[in-house]
file protein-v3.txt (compact mmCIF, C-alpha atoms)
# COMPACT_ATOMS: atom_id res chain seq x y z
CA MET H 1 32.56 32.80 45.50
CA GLU H 2 30.13 30.12 44.35
CA LEU H 3 28.23 32.29 41.83
CA LEU H 4 31.51 32.98 40.04
CA LYS H 5 32.74 29.38 40.16
CA ASP H 6 29.43 28.16 38.76
CA ARG H 7 29.71 30.67 35.94
CA ILE H 8 33.29 29.61 35.15
CA ARG H 9 32.19 25.95 35.07
CA LYS H 10 29.25 26.84 32.82
CA ASP H 11 30.83 29.31 30.38
CA GLY H 12 34.61 28.99 30.75
CA LYS H 13 36.45 27.25 27.93
CA ILE H 14 39.76 25.46 28.40
CA LYS H 15 42.22 25.84 25.53
CA ALA H 16 45.64 24.40 24.78
CA GLY H 17 48.48 26.02 26.73
CA ASN H 18 46.57 26.24 30.01
CA ILE H 19 44.41 29.07 28.72
CA LEU H 20 41.05 29.56 30.42
CA LYS H 21 38.80 31.57 28.14
CA VAL H 22 36.17 33.50 30.07
CA ASP H 23 35.64 36.14 27.42
CA SER H 24 31.89 35.58 27.22
CA PHE H 25 31.34 37.20 30.64
CA LEU H 26 34.59 38.58 32.11
CA ASN H 27 37.16 40.10 29.79
CA HIS H 28 35.77 40.71 26.31
CA GLN H 29 32.01 40.51 26.72
CA MET H 30 31.22 41.58 30.28
CA ASP H 31 28.25 40.63 32.46
CA THR H 32 27.82 43.64 34.70
CA ASP H 33 25.20 41.94 36.88
CA LEU H 34 27.95 39.47 37.80
CA PHE H 35 30.42 42.36 38.22
CA THR H 36 28.04 43.98 40.72
CA GLU H 37 28.11 40.81 42.84
CA ILE H 38 31.90 40.59 42.46
CA GLY H 39 32.21 44.21 43.62
CA LYS H 40 30.11 43.50 46.72
CA GLU H 41 32.23 40.43 47.51
CA PHE H 42 35.47 42.44 47.31
CA LYS H 43 33.90 45.02 49.63
CA ARG H 44 32.89 42.26 52.08
CA ARG H 45 36.42 40.81 52.10
CA PHE H 46 38.20 44.18 52.45
CA GLN H 47 35.64 46.03 54.58
CA ASP H 48 38.16 46.49 57.41
CA ALA H 49 40.96 47.72 55.13
CA GLU H 50 40.10 51.45 55.02
CA VAL H 51 40.65 51.55 51.26
CA THR H 52 40.88 55.10 49.84
CA LYS H 53 41.68 54.23 46.22
CA ILE H 54 41.41 51.33 43.79
CA LEU H 55 44.24 50.77 41.31
CA THR H 56 43.93 48.52 38.27
CA ILE H 57 45.59 48.10 34.89
CA GLU H 58 44.14 48.52 31.44
CA ALA H 59 42.17 47.08 29.84
CA SER H 60 40.15 44.18 31.22
CA GLY H 61 40.55 45.14 34.88
CA ILE H 62 38.85 48.50 34.42
CA GLY H 63 35.22 47.38 34.30
CA ILE H 64 35.48 45.25 37.44
CA ALA H 65 37.45 47.94 39.27
CA CYS H 66 34.87 50.62 38.41
CA ILE H 67 31.94 48.54 39.57
CA ALA H 68 33.80 47.49 42.75
CA ALA H 69 34.48 51.19 43.38
CA GLN H 70 30.73 51.78 43.61
CA SER H 71 30.73 49.55 46.71
CA PHE H 72 33.86 51.15 48.22
CA ARG H 73 32.87 54.72 47.23
CA VAL H 74 36.46 55.56 46.32
CA PRO H 75 38.08 56.69 43.04
CA VAL H 76 39.62 54.22 40.61
CA VAL H 77 42.94 54.81 38.86
CA PHE H 78 44.05 52.61 36.00
CA ALA H 79 47.70 52.18 35.06
CA LYS H 80 48.26 52.80 31.35
CA LYS H 81 50.38 50.56 29.22
CA THR H 82 52.08 53.15 27.04
CA GLN H 83 52.91 56.80 27.39
CA THR H 84 50.49 59.02 25.47
CA LYS H 85 50.69 62.74 24.90
CA ASN H 86 47.63 63.21 27.12
CA ILE H 87 49.68 62.20 30.17
CA ALA H 88 52.01 64.81 31.60
CA GLY H 89 55.64 63.83 32.20
CA ASP H 90 55.15 63.58 35.93
CA VAL H 91 54.41 59.85 36.19
CA TYR H 92 55.43 56.79 38.15
CA THR H 93 56.52 54.03 35.83
CA THR H 94 57.68 50.41 35.92
CA LYS H 95 58.13 47.54 33.49
CA VAL H 96 55.88 44.48 33.19
CA GLN H 97 56.39 41.29 31.23
CA SER H 98 53.18 40.20 29.50
CA TYR H 99 52.26 36.53 29.65
CA THR H 100 49.61 36.95 26.95
CA HIS H 101 51.66 38.99 24.49
CA GLY H 102 55.12 37.70 25.41
CA ARG H 103 56.76 41.12 25.53
CA ILE H 104 57.84 43.76 28.04
CA TYR H 105 55.87 46.99 28.31
CA ASP H 106 55.86 50.09 30.50
CA ILE H 107 52.99 50.92 32.82
CA ILE H 108 52.47 54.43 34.12
CA VAL H 109 50.36 56.30 36.63
CA ALA H 110 50.30 60.09 36.95
CA LYS H 111 51.93 61.12 40.24
CA GLU H 112 49.02 63.38 41.13
CA PHE H 113 46.68 60.38 41.47
CA LEU H 114 48.74 58.13 43.76
CA GLY H 115 50.78 58.98 46.82
CA LYS H 116 51.27 59.27 50.56
CA GLY H 117 47.97 59.05 52.42
CA ASP H 118 46.37 56.67 49.91
CA LYS H 119 45.49 53.15 51.03
CA VAL H 120 45.33 51.24 47.81
CA LEU H 121 43.37 48.13 46.83
CA LEU H 122 44.59 46.51 43.62
CA ILE H 123 41.89 44.91 41.45
CA ASP H 124 42.41 42.74 38.38
CA ASP H 125 40.52 40.10 36.46
CA PHE H 126 43.28 37.49 36.27
CA LEU H 127 46.33 36.43 38.25
CA ALA H 128 48.68 33.90 36.65
CA ASN H 129 52.41 34.57 36.87
CA GLY H 130 51.69 37.75 38.83
CA LYS H 131 53.81 40.11 36.73
CA ALA H 132 51.05 42.70 36.20
CA LEU H 133 50.20 42.70 39.91
CA GLU H 134 53.90 43.01 40.84
CA GLY H 135 54.07 46.03 38.53
CA LEU H 136 51.12 47.65 40.29
CA ILE H 137 52.70 46.92 43.69
CA ASP H 138 55.92 48.62 42.48
CA LEU H 139 53.91 51.73 41.53
CA VAL H 140 52.21 51.81 44.95
CA GLU H 141 55.53 51.42 46.78
CA VAL H 142 57.41 54.07 44.80
CA SER H 143 54.49 56.50 45.24
CA GLY H 144 54.64 56.31 49.03
CA ALA H 145 51.06 55.02 49.24
CA GLU H 146 50.11 52.11 51.48
CA LEU H 147 49.04 48.79 49.98
CA ALA H 148 45.78 47.44 51.43
CA GLY H 149 45.85 44.27 49.33
CA ALA H 150 44.79 42.82 46.03
CA GLY H 151 41.43 41.50 44.87
CA ILE H 152 41.52 39.08 41.93
CA VAL H 153 38.56 37.55 40.14
CA ILE H 154 40.27 34.38 38.83
CA GLU H 155 43.63 33.10 40.00
CA LYS H 156 45.41 30.30 38.19
CA GLY H 157 46.57 28.47 41.30
CA PHE H 158 48.84 26.16 39.31
CA GLN H 159 50.99 29.12 38.26
CA ALA H 160 53.41 30.68 40.70
CA GLY H 161 52.15 34.27 40.94
CA GLY H 162 49.57 34.04 43.71
CA ASP H 163 51.53 31.96 46.17
CA ALA H 164 54.66 34.08 45.62
CA LEU H 165 52.68 37.20 46.52
CA ARG H 166 51.20 35.52 49.62
CA LYS H 167 54.74 34.58 50.73
CA ARG H 168 55.69 38.26 50.44
CA GLY H 169 52.90 39.00 52.92
CA ILE H 170 50.56 40.62 50.39
CA ARG H 171 46.91 40.33 51.42
CA LEU H 172 45.51 38.58 48.38
CA GLU H 173 41.85 37.68 47.92
CA SER H 174 41.06 35.62 44.81
CA LEU H 175 37.38 34.90 44.32
CA ALA H 176 38.05 31.71 42.36
CA ILE H 177 41.35 29.83 42.39
CA VAL H 178 41.69 27.27 39.60
CA GLU H 179 43.82 24.42 40.92
CA SER H 180 43.76 22.37 37.74
CA MET H 181 42.00 22.19 34.38
CA ASP H 182 41.59 19.37 31.91
CA GLU H 183 41.41 20.44 28.28
CA LYS H 184 40.06 17.04 27.16
CA THR H 185 37.20 16.65 29.63
CA GLY H 186 36.60 20.39 30.17
CA SER H 187 36.65 19.85 33.95
CA ILE H 188 37.93 22.53 36.34
CA VAL H 189 39.02 21.91 39.95
CA PHE H 190 38.97 24.91 42.30
CA ARG H 191 41.09 25.29 45.40
CA ASP H 192 39.11 25.14 48.61
CA GLU H 193 37.85 28.66 49.14
CA LYS H 194 39.06 28.85 52.73
CA ALA H 195 42.53 27.61 51.80
CA GLY H 196 42.74 30.40 49.24
CA VAL H 197 42.17 33.21 51.71
CA MET T 1 24.18 67.34 31.45
CA GLU T 2 24.84 70.12 33.95
CA LEU T 3 26.55 67.97 36.60
CA LEU T 4 29.11 66.91 33.99
CA LYS T 5 29.63 70.40 32.56
CA ASP T 6 30.16 71.80 36.05
CA ARG T 7 32.75 69.10 36.70
CA ILE T 8 34.55 69.82 33.43
CA ARG T 9 34.64 73.54 34.27
CA LYS T 10 35.93 72.78 37.78
CA ASP T 11 38.48 70.02 37.09
CA GLY T 12 39.19 70.07 33.34
CA LYS T 13 42.53 71.49 32.26
CA ILE T 14 43.10 73.02 28.84
CA LYS T 15 46.50 72.28 27.30
CA ALA T 16 48.26 73.38 24.12
CA GLY T 17 47.03 71.64 20.96
CA ASN T 18 43.33 71.78 21.90
CA ILE T 19 43.78 69.06 24.51
CA LEU T 20 41.19 68.95 27.29
CA LYS T 21 42.60 67.00 30.21
CA VAL T 22 39.89 65.39 32.32
CA ASP T 23 42.09 62.67 33.71
CA SER T 24 41.32 63.50 37.34
CA PHE T 25 37.75 62.16 37.02
CA LEU T 26 37.11 60.59 33.58
CA ASN T 27 39.92 58.75 31.84
CA HIS T 28 42.82 58.03 34.20
CA GLN T 29 41.41 58.55 37.67
CA MET T 30 37.70 57.78 37.50
CA ASP T 31 34.88 59.10 39.69
CA THR T 32 32.37 56.27 39.67
CA ASP T 33 29.70 58.32 41.48
CA LEU T 34 29.77 60.61 38.43
CA PHE T 35 29.81 57.55 36.13
CA THR T 36 26.64 56.29 37.81
CA GLU T 37 24.87 59.56 36.97
CA ILE T 38 26.28 59.45 33.41
CA GLY T 39 24.96 55.90 33.02
CA LYS T 40 21.47 56.97 34.14
CA GLU T 41 21.54 59.90 31.70
CA PHE T 42 22.44 57.60 28.77
CA LYS T 43 19.57 55.33 29.80
CA ARG T 44 17.19 58.30 29.91
CA ARG T 45 18.22 59.45 26.43
CA PHE T 46 18.12 55.97 24.85
CA GLN T 47 15.24 54.46 26.84
CA ASP T 48 13.16 54.00 23.65
CA ALA T 49 16.01 52.40 21.68
CA GLU T 50 15.58 48.75 22.78
CA VAL T 51 19.33 48.36 23.28
CA THR T 52 20.47 44.74 23.68
CA LYS T 53 24.23 45.31 23.85
CA ILE T 54 26.72 48.07 24.59
CA LEU T 55 29.91 48.25 22.53
CA THR T 56 32.92 50.33 23.54
CA ILE T 57 36.65 50.40 22.85
CA GLU T 58 39.53 49.91 25.23
CA ALA T 59 40.65 51.41 27.45
CA SER T 60 39.02 54.53 28.82
CA GLY T 61 35.51 53.76 27.50
CA ILE T 62 35.25 50.52 29.47
CA GLY T 63 34.46 51.94 32.91
CA ILE T 64 31.69 54.22 31.65
CA ALA T 65 30.25 51.48 29.44
CA CYS T 66 30.15 48.97 32.31
CA ILE T 67 28.42 51.35 34.67
CA ALA T 68 25.97 52.44 31.95
CA ALA T 69 25.24 48.76 31.34
CA GLN T 70 23.96 48.48 34.92
CA SER T 71 21.14 50.89 33.92
CA PHE T 72 20.43 49.13 30.60
CA ARG T 73 20.80 45.60 32.06
CA VAL T 74 22.61 44.41 28.91
CA PRO T 75 26.09 42.97 28.34
CA VAL T 76 29.05 45.15 27.36
CA VAL T 77 31.58 44.19 24.70
CA PHE T 78 34.80 46.12 24.29
CA ALA T 79 36.73 46.19 21.03
CA LYS T 80 40.38 45.29 21.56
CA LYS T 81 43.19 47.25 19.97
CA THR T 82 45.53 44.39 19.07
CA GLN T 83 45.16 40.70 18.40
CA THR T 84 46.16 38.59 21.39
CA LYS T 85 46.48 34.85 21.60
CA ASN T 86 43.47 34.77 23.94
CA ILE T 87 41.17 35.79 21.07
CA ALA T 88 40.21 33.10 18.59
CA GLY T 89 40.70 33.81 14.90
CA ASP T 90 37.01 34.30 14.36
CA VAL T 91 36.85 38.07 14.74
CA TYR T 92 35.49 41.16 13.05
CA THR T 93 38.23 43.68 12.47
CA THR T 94 38.74 47.19 11.10
CA LYS T 95 41.43 49.86 11.17
CA VAL T 96 41.36 53.06 13.22
CA GLN T 97 43.63 56.08 13.08
CA SER T 98 44.48 57.34 16.57
CA TYR T 99 44.39 61.09 17.15
CA THR T 100 46.21 60.75 20.46
CA HIS T 101 48.97 58.40 19.33
CA GLY T 102 49.15 59.44 15.68
CA ARG T 103 49.21 55.89 14.30
CA ILE T 104 46.88 53.34 12.74
CA TYR T 105 45.83 50.28 14.74
CA ASP T 106 43.48 47.33 14.34
CA ILE T 107 40.41 46.88 16.49
CA ILE T 108 38.74 43.52 16.85
CA VAL T 109 35.60 41.96 18.30
CA ALA T 110 34.99 38.22 18.49
CA LYS T 111 32.20 37.26 16.10
CA GLU T 112 30.35 35.30 18.76
CA PHE T 113 29.63 38.48 20.74
CA LEU T 114 28.18 40.71 17.98
CA GLY T 115 25.73 39.86 15.24
CA LYS T 116 22.25 39.78 13.76
CA GLY T 117 19.59 40.38 16.39
CA ASP T 118 21.76 42.72 18.48
CA LYS T 119 20.73 46.35 18.78
CA VAL T 120 23.92 48.10 19.74
CA LEU T 121 24.58 51.27 21.68
CA LEU T 122 28.12 52.60 21.30
CA ILE T 123 29.60 54.27 24.39
CA ASP T 124 32.85 56.20 24.60
CA ASP T 125 34.41 58.87 26.79
CA PHE T 126 35.55 61.24 24.03
CA LEU T 127 34.56 62.17 20.50
CA ALA T 128 36.93 64.40 18.54
CA ASN T 129 37.67 63.43 14.93
CA GLY T 130 35.35 60.45 15.27
CA LYS T 131 37.76 57.81 13.97
CA ALA T 132 37.29 55.42 16.92
CA LEU T 133 33.50 55.71 16.70
CA GLU T 134 33.60 55.15 12.93
CA GLY T 135 35.60 52.00 13.57
CA LEU T 136 33.00 50.73 16.03
CA ILE T 137 30.22 51.53 13.53
CA ASP T 138 32.12 49.52 10.89
CA LEU T 139 32.23 46.52 13.25
CA VAL T 140 28.48 46.78 13.95
CA GLU T 141 27.67 47.01 10.23
CA VAL T 142 29.86 44.11 9.15
CA SER T 143 28.46 41.94 11.97
CA GLY T 144 24.87 42.36 10.78
CA ALA T 145 23.80 43.94 14.06
CA GLU T 146 21.63 47.05 14.17
CA LEU T 147 23.06 50.35 15.43
CA ALA T 148 20.88 52.04 18.06
CA GLY T 149 23.15 55.07 18.37
CA ALA T 150 26.15 56.41 20.22
CA GLY T 151 26.47 57.92 23.68
CA ILE T 152 29.50 60.13 24.26
CA VAL T 153 30.56 61.78 27.49
CA ILE T 154 32.52 64.72 26.02
CA GLU T 155 32.42 65.80 22.39
CA LYS T 156 34.86 68.33 21.02
CA GLY T 157 32.32 70.25 18.93
CA PHE T 158 35.04 72.24 17.17
CA GLN T 159 36.39 69.05 15.58
CA ALA T 160 34.58 67.46 12.67
CA GLY T 161 33.71 64.00 14.03
CA GLY T 162 30.38 64.61 15.74
CA ASP T 163 28.72 66.67 13.05
CA ALA T 164 29.91 64.28 10.31
CA LEU T 165 28.27 61.39 12.17
CA ARG T 166 25.03 63.37 12.62
CA LYS T 167 25.01 64.08 8.86
CA ARG T 168 25.25 60.32 8.27
CA GLY T 169 22.05 59.97 10.31
CA ILE T 170 23.71 58.38 13.35
CA ARG T 171 21.77 59.03 16.54
CA LEU T 172 24.45 60.70 18.63
CA GLU T 173 23.95 61.87 22.20
CA SER T 174 26.89 63.78 23.68
CA LEU T 175 26.44 64.75 27.32
CA ALA T 176 28.75 67.77 27.00
CA ILE T 177 29.77 69.38 23.72
CA VAL T 178 32.74 71.71 24.01
CA GLU T 179 32.29 74.48 21.42
CA SER T 180 35.49 76.33 22.24
CA MET T 181 38.25 76.42 24.84
CA ASP T 182 40.73 79.14 25.75
CA GLU T 183 44.07 77.88 26.99
CA LYS T 184 45.06 81.34 28.37
CA THR T 185 41.93 82.08 30.41
CA GLY T 186 40.96 78.46 31.06
CA SER T 187 37.38 79.19 29.93
CA ILE T 188 35.23 76.56 28.21
CA VAL T 189 32.11 77.31 26.14
CA PHE T 190 29.61 74.45 25.72
CA ARG T 191 27.20 74.09 22.84
CA ASP T 192 23.59 74.63 23.85
CA GLU T 193 22.48 71.21 25.09
CA LYS T 194 19.35 71.18 22.90
CA ALA T 195 21.32 72.13 19.79
CA GLY T 196 23.62 69.18 20.43
CA VAL T 197 20.87 66.58 20.40
call {"tool": "encode", "arguments": {"input": "protein-v3.txt", "output": "structure tokens"}}
result
Amino acid sequence: MELLKDRIRKDGKIKAGNILKVDSFLNHQMDTDLFTEIGKEFKRRFQDAEVTKILTIEASGIGIACIAAQSFRVPVVFAKKTQTKNIAGDVYTTKVQSYTHGRIYDIIVAKEFLGKGDKVLLIDDFLANGKALEGLIDLVEVSGAELAGAGIVIEKGFQAGGDALRKRGIRLESLAIVESMDEKTGSIVFRDEKAGV
Amino acid sequence: MELLKDRIRKDGKIKAGNILKVDSFLNHQMDTDLFTEIGKEFKRRFQDAEVTKILTIEASGIGIACIAAQSFRVPVVFAKKTQTKNIAGDVYTTKVQSYTHGRIYDIIVAKEFLGKGDKVLLIDDFLANGKALEGLIDLVEVSGAELAGAGIVIEKGFQAGGDALRKRGIRLESLAIVESMDEKTGSIVFRDEKAGV
């Protein structure tokens, strides 16, 4: 998606440790005009998938998932990272290892919002080692719902997550796949869009 | 907002401890058609306020804030609940006591996304004791930005937060103010909409 790649080139900042900061428009400050275009692009790529529900994970996936849901006209469910007293006991749960925080946490979804008959599109802002997405896939599988695929805004193609999921046969659509980044020059190389599909 | 009140009456569930569960359409599963109408209503109520930025707090405020931002055509920033290594050290921070989790946590916003010249509308899904909203107001004040007001989807009018903020002179627009709830009968009484403004 050229609009997105141009924005990453313009406003993305490369930091030590292979960190791509896009918090001026994607995951801290959020440009919802861009999100609207991202939502339409996900709809274009998954228009044949008969999606009935979008599943994401708190926190930074929620905005993109909600705006994408306007194109799909389906409900969004977000997996929560800790059990709160507002969630009844009847939940699906799995464990996820966080790349950012370096710890393991539980994610949960109430059983009443995911199950047989749902065809689920996963949406998230970032895909790196793929642990969060694997956690969401676990929740879909244990619920008896069908997985339509996963839509990712930015994939770090030099980390193993995306290609591992493709090898498992997951339909994965990443709108921008970063093949390499250079902290010194600030340059970003994207994978050929067609090769990424 | 009648559409919202009707939905709360239809799908809200009253639980022990004055908990109003609206997780089938607002804060776990999310109905983005409803969010679109909520966003338009916030725009209608704050159309004179010259809002330049929307500020919310993770996680359940993000979806509503992003969709409201489509009506205002301004960026959204969400305050994060813990410091991650993706956030630079240059942040505004304050402490918030959580009603739901019963603990104190830090919220942070990167300084580059909030400051003098911004006119900020706060958006959140719930207002009960008002601690989260007070935290967001602290961040706006310390940043030098101007506070336009706060837009809340559901206010628990029988808790002190909303009226305390009104007494401080904060422009607070709650789309549904629950005056009382009865766990046994399932009935909900809303404050007269005009009285809530």
call {"tool": "residues_around", "arguments": {"input": "protein-v3.txt", "residues": "stretch 107-109 of chain T", "least_positions_apart": "4", "cutoff": "12 Å", "atoms": "all atoms listed in the file", "output": "number ranges by chain"}}
result
H: 23-24, 27-29; T: 55-59, 76-84, 87-98, 113-115, 131-140, 142-143
call {"tool": "write_last_selection", "arguments": {"input": "protein-v3.txt", "atoms": "C-alpha atoms", "output": "mmCIF file, keeping the file's coordinate frame"}}
result
data_model
loop_
_atom_site.group_PDB
_atom_site.id
_atom_site.type_symbol
_atom_site.label_atom_id
_atom_site.label_comp_id
_atom_site.auth_asym_id
_atom_site.auth_seq_id
_atom_site.Cartn_x
_atom_site.Cartn_y
_atom_site.Cartn_z
ATOM 1 C CA ASP H 23 35.640 36.140 27.420
ATOM 2 C CA SER H 24 31.890 35.580 27.220
ATOM 3 C CA ASN H 27 37.160 40.100 29.790
ATOM 4 C CA HIS H 28 35.770 40.710 26.310
ATOM 5 C CA GLN H 29 32.010 40.510 26.720
ATOM 6 C CA LEU T 55 29.910 48.250 22.530
ATOM 7 C CA THR T 56 32.920 50.330 23.540
ATOM 8 C CA ILE T 57 36.650 50.400 22.850
ATOM 9 C CA GLU T 58 39.530 49.910 25.230
ATOM 10 C CA ALA T 59 40.650 51.410 27.450
ATOM 11 C CA VAL T 76 29.050 45.150 27.360
ATOM 12 C CA VAL T 77 31.580 44.190 24.700
ATOM 13 C CA PHE T 78 34.800 46.120 24.290
ATOM 14 C CA ALA T 79 36.730 46.190 21.030
ATOM 15 C CA LYS T 80 40.380 45.290 21.560
ATOM 16 C CA LYS T 81 43.190 47.250 19.970
ATOM 17 C CA THR T 82 45.530 44.390 19.070
ATOM 18 C CA GLN T 83 45.160 40.700 18.400
ATOM 19 C CA THR T 84 46.160 38.590 21.390
ATOM 20 C CA ILE T 87 41.170 35.790 21.070
ATOM 21 C CA ALA T 88 40.210 33.100 18.590
ATOM 22 C CA GLY T 89 40.700 33.810 14.900
ATOM 23 C CA ASP T 90 37.010 34.300 14.360
ATOM 24 C CA VAL T 91 36.850 38.070 14.740
ATOM 25 C CA TYR T 92 35.490 41.160 13.050
ATOM 26 C CA THR T 93 38.230 43.680 12.470
ATOM 27 C CA THR T 94 38.740 47.190 11.100
ATOM 28 C CA LYS T 95 41.430 49.860 11.170
ATOM 29 C CA VAL T 96 41.360 53.060 13.220
ATOM 30 C CA GLN T 97 43.630 56.080 13.080
ATOM 31 C CA SER T 98 44.480 57.340 16.570
ATOM 32 C CA PHE T 113 29.630 38.480 20.740
ATOM 33 C CA LEU T 114 28.180 40.710 17.980
ATOM 34 C CA GLY T 115 25.730 39.860 15.240
ATOM 35 C CA LYS T 131 37.760 57.810 13.970
ATOM 36 C CA ALA T 132 37.290 55.420 16.920
ATOM 37 C CA LEU T 133 33.500 55.710 16.700
ATOM 38 C CA GLU T 134 33.600 55.150 12.930
ATOM 39 C CA GLY T 135 35.600 52.000 13.570
ATOM 40 C CA LEU T 136 33.000 50.730 16.030
ATOM 41 C CA ILE T 137 30.220 51.530 13.530
ATOM 42 C CA ASP T 138 32.120 49.520 10.890
ATOM 43 C CA LEU T 139 32.230 46.520 13.250
ATOM 44 C CA VAL T 140 28.480 46.780 13.950
ATOM 45 C CA VAL T 142 29.860 44.110 9.150
ATOM 46 C CA SER T 143 28.460 41.940 11.970
#
call {"tool": "residues_around", "arguments": {"input": "protein-v3.txt", "residues": "H:Arg45", "least_positions_apart": "6", "cutoff": "12 Å", "atoms": "all atoms listed in the file", "output": "number ranges by chain"}}
result
H: 1, 38-39, 51, 68, 71-72, 121, 148-152, 171-175, 197
call {"tool": "closest_residue", "arguments": {"input": "protein-v3.txt", "among": "T:Ala49, T:Leu127, T:Leu34, T:Ala69", "to": "chain H", "atoms": "all atoms listed in the file"}}
result
T:Ala69
call {"tool": "atom_distance", "arguments": {"input": "protein-v3.txt", "atom1": "atom CA of T:Ile54", "atom2": "atom CA of T:Val120"}}
result
5.6 Å
call {"tool": "atom_distance", "arguments": {"input": "protein-v3.txt", "atom1": "atom CA of H:Glu183", "atom2": "atom CA of H:Asp31"}}
result
24.5 Å
call {"tool": "atom_distance", "arguments": {"input": "protein-v3.txt", "atom1": "atom CA of H:Leu26", "atom2": "atom CA of H:Asp125"}}
result
7.5 Å
call {"tool": "residues_around", "arguments": {"input": "protein-v3.txt", "residues": "T:Glu2", "least_positions_apart": "4", "cutoff": "9 Å", "atoms": "all atoms listed in the file", "output": "list in words"}}
result
Asp6, Arg7, Leu175 and Ala176 of chain T
call {"tool": "write_last_selection", "arguments": {"input": "protein-v3.txt", "atoms": "C-alpha atoms", "output": "CSV table (one decimal), keeping the file's coordinate frame"}}
result
chain,number,residue,atom,x,y,z
T,6,ASP,CA,30.2,71.8,36.0
T,7,ARG,CA,32.8,69.1,36.7
T,175,LEU,CA,26.4,64.8,27.3
T,176,ALA,CA,28.8,67.8,27.0
call {"tool": "closest_residue", "arguments": {"input": "protein-v3.txt", "among": "H:Glu112, H:Asp124, H:Asp163, H:Asp192", "to": "chain T", "atoms": "all atoms listed in the file"}}
result
H:Glu112
call {"tool": "closest_residue", "arguments": {"input": "protein-v3.txt", "among": "H:Thr52, H:Thr36, H:Ser180, H:Thr185", "to": "H:Lys119", "atoms": "all atoms listed in the file"}}
result
H:Thr52
call {"tool": "closest_residue", "arguments": {"input": "protein-v3.txt", "among": "T:Ile123, T:Ile104, T:Ala145, T:Val22", "to": "chain H", "atoms": "only C-alpha atoms"}}
result
T:Val22
call {"tool": "axis_aligned_box", "arguments": {"input": "protein-v3.txt", "around": "stretch 44-59 of chain T", "padding_each_side": "4 Å", "output": "lines of an AutoDock Vina configuration file"}}
result
center_x = 26.9
center_y = 52.1
center_z = 25.8
size_x = 35.5
size_y = 22.7
size_z = 16.2
call {"tool": "closest_residue", "arguments": {"input": "protein-v3.txt", "among": "H:Met181, H:Ile8, H:Ile14, H:Cys66", "to": "H:Ile154", "atoms": "all atoms listed in the file"}}
result
H:Ile8
call {"tool": "residues_around", "arguments": {"input": "protein-v3.txt", "residues": "H:Lys184", "least_positions_apart": "2", "cutoff": "12 Å", "atoms": "all atoms listed in the file", "output": "tab-separated table (two decimals) with C-alpha atoms, in the coordinates of the input"}}
result
chain	number	residue	atom	x	y	z
H	13	LYS	CA	36.45	27.25	27.93
H	14	ILE	CA	39.76	25.46	28.40
H	15	LYS	CA	42.22	25.84	25.53
H	16	ALA	CA	45.64	24.40	24.78
H	18	ASN	CA	46.57	26.24	30.01
H	181	MET	CA	42.00	22.19	34.38
H	182	ASP	CA	41.59	19.37	31.91
H	186	GLY	CA	36.60	20.39	30.17
H	187	SER	CA	36.65	19.85	33.95
H	188	ILE	CA	37.93	22.53	36.34
call {"tool": "closest_residue", "arguments": {"input": "protein-v3.txt", "among": "T:Gly12, T:Val74, T:Lys40, T:Gln159", "to": "chain H", "atoms": "only C-alpha atoms"}}
result
T:Val74
call {"tool": "residues_around", "arguments": {"input": "protein-v3.txt", "residues": "H:Asn129", "least_positions_apart": "3", "cutoff": "8 Å", "atoms": "all atoms listed in the file", "output": "number ranges by chain"}}
result
H: 99, 159-162
call {"tool": "decode", "arguments": {"input": "protein-v3.txt", "residues": "stretch 184-193 of chain H", "atoms": "N, CA and C atoms", "output": "compact mmCIF listing (two decimals), in the first residue's frame"}}
result
# COMPACT_ATOMS: atom_id res chain seq x y z
N LYS H 184 21.52 4.13 10.76
CA LYS H 184 22.43 5.26 10.50
C LYS H 184 21.93 6.18 9.40
N THR H 185 21.47 5.59 8.29
CA THR H 185 21.02 6.41 7.17
C THR H 185 19.52 6.74 7.25
N GLY H 186 18.79 5.98 8.09
CA GLY H 186 17.34 6.18 8.17
C GLY H 186 16.59 5.57 7.00
N SER H 187 17.26 4.76 6.17
CA SER H 187 16.59 4.21 4.99
C SER H 187 15.84 2.92 5.33
N ILE H 188 14.73 2.72 4.64
CA ILE H 188 13.87 1.55 4.86
C ILE H 188 13.64 0.88 3.51
N VAL H 189 13.87 -0.43 3.43
CA VAL H 189 13.59 -1.19 2.21
C VAL H 189 12.37 -2.06 2.46
N PHE H 190 11.37 -1.93 1.58
CA PHE H 190 10.16 -2.75 1.69
C PHE H 190 10.23 -3.95 0.77
N ARG H 191 9.63 -5.05 1.19
CA ARG H 191 9.52 -6.22 0.34
C ARG H 191 8.57 -5.87 -0.81
N ASP H 192 8.84 -6.41 -1.96
CA ASP H 192 7.94 -6.22 -3.10
C ASP H 192 6.53 -6.58 -2.68
N GLU H 193 5.60 -5.68 -2.98
CA GLU H 193 4.23 -5.86 -2.46
C GLU H 193 3.64 -7.19 -2.91
